[in-house]
Amino acid sequence: MRTHYRKFIAVSLLIVSGPAVLFLFSQLRNDLAPLRQVRDRFPVFADVAVDPDANIVAVTDENLFSLRTYDRDLASNEVADPRTVISGNRSRVDFVCGVALDPINKEIYTVNNDTAADMLVFKYDASGNVPASRTLKPAPVSTWGVALDLTNNEVGVTVQSINKVAIYRRQAEGEEKPLRVIQGPETGLADPHGIFIDAQNNEIFVANHDSYHDAVLSEDNPNSVQAQLARGIANLSVPTERLELRPSNGKYVDPSITVYARTAHGNAAPVRVIHGPKTGLSLPMKVFVDTAHNELFVANSGSNSILVFSRMANGDAAPIRKIEGPATKLKKPVGLFVDTKNDEIWATSPELHMAMVYRRTAQGNAAPLRILRSAPDETPAPGIGNPGGIAYDPTREQILVPN
Amino acid sequence: MANPRIAIFARLANGQAAPVRVIEGGRTGLSRTSHAIAFDEKHDEIVVPNPLAEAVLTFRGNASGDEAPIRRIQGQRTFLQENDELALDNVHDEIIVPTRQAILVFSRLADGNVAPLRIIAGPKTKINRARGVAVDPVSNIIAVGNSDPQGILIFNRTDEGDVAPRSIISGPKTGIYTTKGFTIIPDRKELIATVEARGVQVTRNLGESFVGIWNYTDNGDVPPKATIKGEATMLIAPRGAALDLTHQEIFVIDKVQNAFFAYNWQKILQVTPR
């Protein structure tokens with residue numbers, strides 16, 4: 001009995017004192033624990049894609065660096081249980097943005113953004129810290145959107161920092177060169193985000209923000225030291241070209257949706273451009289074309305809305321309908337998908353930790369039909385994404401963090 | 001978050017905290033790649049770069065929501081290119097912007113298509129893929145992170161043209177792979193640099209990257225006099241630091257953790273000197 005009692009005391013002391021000893025040890029080693037930390041513990045949904053036949057929805061999580069799938073028809077007000085979660089250093093899933101599903105070959109396509117800007121392809125059933133089935137290196141940094149063209153067996157990506165759309169074989173991997181590239185001052189591409197390939201009408205739709213500069217060659221080389229530096233793996237002793245000072249050519253342009261022939265190549269002008277005050281475009285993110293109803297959907301982050309245009313809209317055209325208002329729960333929406341089989345629209349509100357589902361024909365202040373949550377309702381969101389700077393305002397006692 | 005914005009948090013924010021205000025929207029001119037920010041306490045202004053539009057934007061100190069900048073440096077004469085970062089000198093009213101091969105110095109009040117007041121560039125400068133910058137207007141130095149040679153180049157604040165740095169902190173003892181963000185303590189003549197270890201963006205290992213403190217007068221292969229380092233720090237890829245000397249705290253932003261951390265500054269200074 002006494003032996004048991006001594007064991008109990010010893011174990012209890014160990015449990016109680018262990019963390020204290022570790023803490024003291026860490027302080028002696030200058031292994032400083034933070035006093036406070038502001039960090040989102042929950043997944044933050046960016047883009048969304050749906051395979052209605054397989055009944056799955058895929059979302060990218062740019063906060064915890066994961067790629068997740070859920071049951072498409074999941075109806076719960078609680079935090080949703082994922083079917084699969086791909087995450088970890090072997091997966092190379094990083095600051096992921098765009099996502100697309102291939103329902104024929106049962107594959108998920110995603111692109112990392114500002115770090116290792118690779119396109120990764122996983123099988124539907126992949127889960128855990130697993131390597132991608134295929135990896136493609138389309139850009140040094142800032143790949144954002146990804147779209148599949150299963151009719152022509154091609155995949156397209158947008159690259160923000162160099163104003164570029166690149167089209168590859170669907171099964172391209174490694175350092176394979178693109179089949180076609182749309183890039184140059186005539187293209188109207190400016191900080192491009194979402195992309196949609198309309199194989200039925202042979203067109204490519206791209207959402208553009210408002211920042212533009214002419215990219216220099218070294219910005220476009222995935223193997224440049226500069227590119228590897230962005231990934232934190234460069235051999236810095238390798239000499240590189242010196243970038244001489246040149247007149248700056250940066251400018252702001254109207255946010256726009258540019259439309260190209262599917263086979264456009266080089267410095268190709270768009271066949272149509274939606275831009276102007278009537279459009280209401282502001283920081284457009286994902287775009288999606290519903291070819292069955294000839295409609296173009298835009299996740300319009302800057303106005304907390306989904307804009308719907310005629311597929312053939314051109315110039316300063318007003319949307320034919322909008323989903324916006326407090327009941328919609330649209331807050332800086334990024335992801336978008338139209339499920340024509342179930343007549344539903346999916347959108348994401350990263351700051352609310354949710355993906356929402358609406359009727360395809362919803363308009364105005366329409367409440368979602370159902371919500372996929374990654375955190376309990378009303379969980380605050382720090383909203384810090386791939387940060388690189390911080391400042392302190394001593395007057396207001398506030399900390400400033402740009403994304 | 002993929003949205004371009006500046007989030008402003010209360011000093012004591014902790015955990016799952018929302019910002020107290022956010023500057024975001026189409027009028028702001030922000031893109032989602034502002035890898036630096038400076039706060040000007042004297043003039044109550046915020047300065048950030050937008051490299052995608054080759055612009056430098058200045059906002060009111062209490063700006064909020066979809067608010068346009070009060071000044072914008074942009075245009076052919078600026079020579080802005082890959083301008084990821086910047087620092088502010090509110091004594092001499094200057095904004096210092098490193099590009100890959102140069103340091104551009106603008107008037108703080110510059111607006112529009114304005115040429116730099118001074119340019120530090122050329123082979124003698126050894127500036128190569130510069131990342132991160134700090135300025136001390138009292139001791140008159142400008143420090144930039146450099147990729148080849150790997151380390152920190154320190155120039156005189158008023159240097160111009162093809163001039164050699166007055167000192168270079170570089171070598172194996174420094175522990176520097178890449179320095180991404182700087183802050184300074186003018187009274188102590190100390191430079192604080194966030195140092196990202198090679199490969200951590202892939203491995204996501206804790207404790208390899210660190211925040212290091214050097215003296216302005218350090219030159220050559222000099223280890224930091226103090227560090228914030230170790231698994232307990234939670235740091236993976238620190239990219240910037242800011243000091244609150246009133247409350248003796250330092251804030252460090254981490255790219256992989258998508259987070260910022262507050263540390264006790266006094267505790268860091270108590271470590272054994274080199």
# chains A, B, ... in the order shown; residues from 1 in each chain; ligands from 1
call {"tool": "select_by_dssp", "arguments": {"residues": "region 143-201 of chain A", "states": "strand (DSSP E or B)", "output": "PDB file with C-alpha atoms, in the first residue's frame"}}
result
ATOM      1  CA  THR A 143       0.172  31.041 -58.735  1.00  0.00           C
ATOM      2  CA  TRP A 144      -3.456  31.688 -57.770  1.00  0.00           C
ATOM      3  CA  GLY A 145      -6.157  30.128 -59.965  1.00  0.00           C
ATOM      4  CA  VAL A 146      -6.445  26.684 -61.540  1.00  0.00           C
ATOM      5  CA  ALA A 147      -9.018  25.453 -64.074  1.00  0.00           C
ATOM      6  CA  LEU A 148      -9.487  22.186 -65.929  1.00  0.00           C
ATOM      7  CA  ASP A 149     -10.502  21.647 -69.541  1.00  0.00           C
ATOM      8  CA  GLU A 154      -5.641  20.712 -70.523  1.00  0.00           C
ATOM      9  CA  VAL A 155      -5.170  22.623 -67.300  1.00  0.00           C
ATOM     10  CA  GLY A 156      -4.736  26.382 -66.915  1.00  0.00           C
ATOM     11  CA  VAL A 157      -3.241  28.482 -64.119  1.00  0.00           C
ATOM     12  CA  THR A 158      -2.956  32.199 -63.371  1.00  0.00           C
ATOM     13  CA  VAL A 159       0.195  33.808 -61.989  1.00  0.00           C
ATOM     14  CA  LYS A 164       0.280  35.448 -66.856  1.00  0.00           C
ATOM     15  CA  VAL A 165      -2.040  32.625 -67.836  1.00  0.00           C
ATOM     16  CA  ALA A 166      -0.310  29.341 -68.669  1.00  0.00           C
ATOM     17  CA  ILE A 167      -2.031  26.351 -70.292  1.00  0.00           C
ATOM     18  CA  TYR A 168      -0.500  22.878 -69.858  1.00  0.00           C
ATOM     19  CA  ARG A 169      -1.293  19.319 -70.790  1.00  0.00           C
ATOM     20  CA  GLY A 174       7.826  18.603 -63.170  1.00  0.00           C
ATOM     21  CA  ARG A 180       0.427  28.167 -74.530  1.00  0.00           C
ATOM     22  CA  VAL A 181       0.955  31.334 -72.498  1.00  0.00           C
ATOM     23  CA  ILE A 182      -1.135  34.506 -72.440  1.00  0.00           C
ATOM     24  CA  GLN A 183       1.086  37.345 -71.243  1.00  0.00           C
ATOM     25  CA  PRO A 192      -4.947  37.796 -62.295  1.00  0.00           C
ATOM     26  CA  HIS A 193      -6.807  35.560 -59.864  1.00  0.00           C
ATOM     27  CA  GLY A 194      -9.651  33.234 -60.887  1.00  0.00           C
ATOM     28  CA  ILE A 195      -9.672  31.392 -64.213  1.00  0.00           C
ATOM     29  CA  PHE A 196     -12.349  29.364 -66.002  1.00  0.00           C
ATOM     30  CA  ILE A 197     -11.917  27.442 -69.250  1.00  0.00           C
ATOM     31  CA  ASP A 198     -15.182  27.221 -71.199  1.00  0.00           C
TER      32      ASP A 198
END
call {"tool": "select_by_dssp", "arguments": {"residues": "region 214-403 of chain A", "states": "alpha helix (DSSP H)", "output": "list in words"}}
result
Val225, Gln226, Ala227, Gln228, Leu229 and Ala230 of chain A
call {"tool": "closest_residue", "arguments": {"among": "B:Asn3, B:Asn264, B:Thr233, B:Thr203", "to": "Leu245 (chain B)", "atoms": "only C-alpha atoms"}}
result
B:Asn264
call {"tool": "residues_around", "arguments": {"residues": "Asp61 (chain A)", "least_positions_apart": "4", "cutoff": "10 Å", "atoms": "only C-alpha atoms", "output": "number ranges by chain"}}
result
A: 42-48, 65-68, 85, 87, 93-98, 350, 353, 374; B: 1
call {"tool": "residues_around", "arguments": {"residues": "Asn300 (chain A)", "least_positions_apart": "5", "cutoff": "8 Å", "atoms": "only C-alpha atoms", "output": "MDAnalysis selection string"}}
result
chainID A and resid 281:285 305:307 332:334
call {"tool": "residues_around", "arguments": {"residues": "Asn156 (chain B)", "least_positions_apart": "3", "cutoff": "8 Å", "atoms": "only C-alpha atoms", "output": "PyMOL selection string"}}
result
chain B and resi 140-142+159+165-166
call {"tool": "write_last_selection", "arguments": {"atoms": "C-alpha atoms", "output": "PDB file, in the first residue's frame"}}
result
ATOM      1  CA  ASN B 140      22.704  57.939 -39.729  1.00  0.00           C
ATOM      2  CA  ILE B 141      22.785  54.362 -40.985  1.00  0.00           C
ATOM      3  CA  ILE B 142      20.778  52.317 -43.444  1.00  0.00           C
ATOM      4  CA  ASP B 159      25.340  57.618 -49.130  1.00  0.00           C
ATOM      5  CA  PRO B 165      28.996  49.652 -47.461  1.00  0.00           C
ATOM      6  CA  ARG B 166      30.701  50.869 -44.298  1.00  0.00           C
TER       7      ARG B 166
END
call {"tool": "atom_distance", "arguments": {"atom1": "CA of Phe205 (chain A)", "atom2": "CA of Val289 (chain A)"}}
result
8.2 Å
call {"tool": "closest_residue", "arguments": {"among": "B:Phe59, B:Phe260, B:Trp265, B:Phe210", "to": "chain A", "atoms": "only C-alpha atoms"}}
result
B:Phe260
call {"tool": "residues_around", "arguments": {"residues": "Ile228 (chain B)", "least_positions_apart": "5", "cutoff": "9 Å", "atoms": "only C-alpha atoms", "output": "list in words"}}
result
Asn30, Asp31 and Leu32 of chain A; Ser209, Phe210, Val211, Gly212, Ile213, Thr233, Leu235, Tyr263 and Ile268 of chain B
call {"tool": "write_last_selection", "arguments": {"atoms": "C-alpha atoms", "output": "mmCIF file, in the first residue's frame"}}
result
data_model
loop_
_atom_site.group_PDB
_atom_site.id
_atom_site.type_symbol
_atom_site.label_atom_id
_atom_site.label_comp_id
_atom_site.auth_asym_id
_atom_site.auth_seq_id
_atom_site.Cartn_x
_atom_site.Cartn_y
_atom_site.Cartn_z
ATOM 1 C CA ASN A 30 16.951 31.543 -24.163
ATOM 2 C CA ASP A 31 14.305 29.280 -25.628
ATOM 3 C CA LEU A 32 11.720 31.976 -25.135
ATOM 4 C CA SER B 209 15.078 30.340 -37.718
ATOM 5 C CA PHE B 210 15.643 33.142 -35.244
ATOM 6 C CA VAL B 211 15.592 36.820 -34.452
ATOM 7 C CA GLY B 212 19.143 38.156 -33.944
ATOM 8 C CA ILE B 213 20.483 41.347 -32.430
ATOM 9 C CA THR B 233 9.514 30.519 -29.517
ATOM 10 C CA LEU B 235 9.005 30.630 -34.841
ATOM 11 C CA TYR B 263 8.015 38.344 -26.482
ATOM 12 C CA ILE B 268 15.919 38.620 -24.439
#
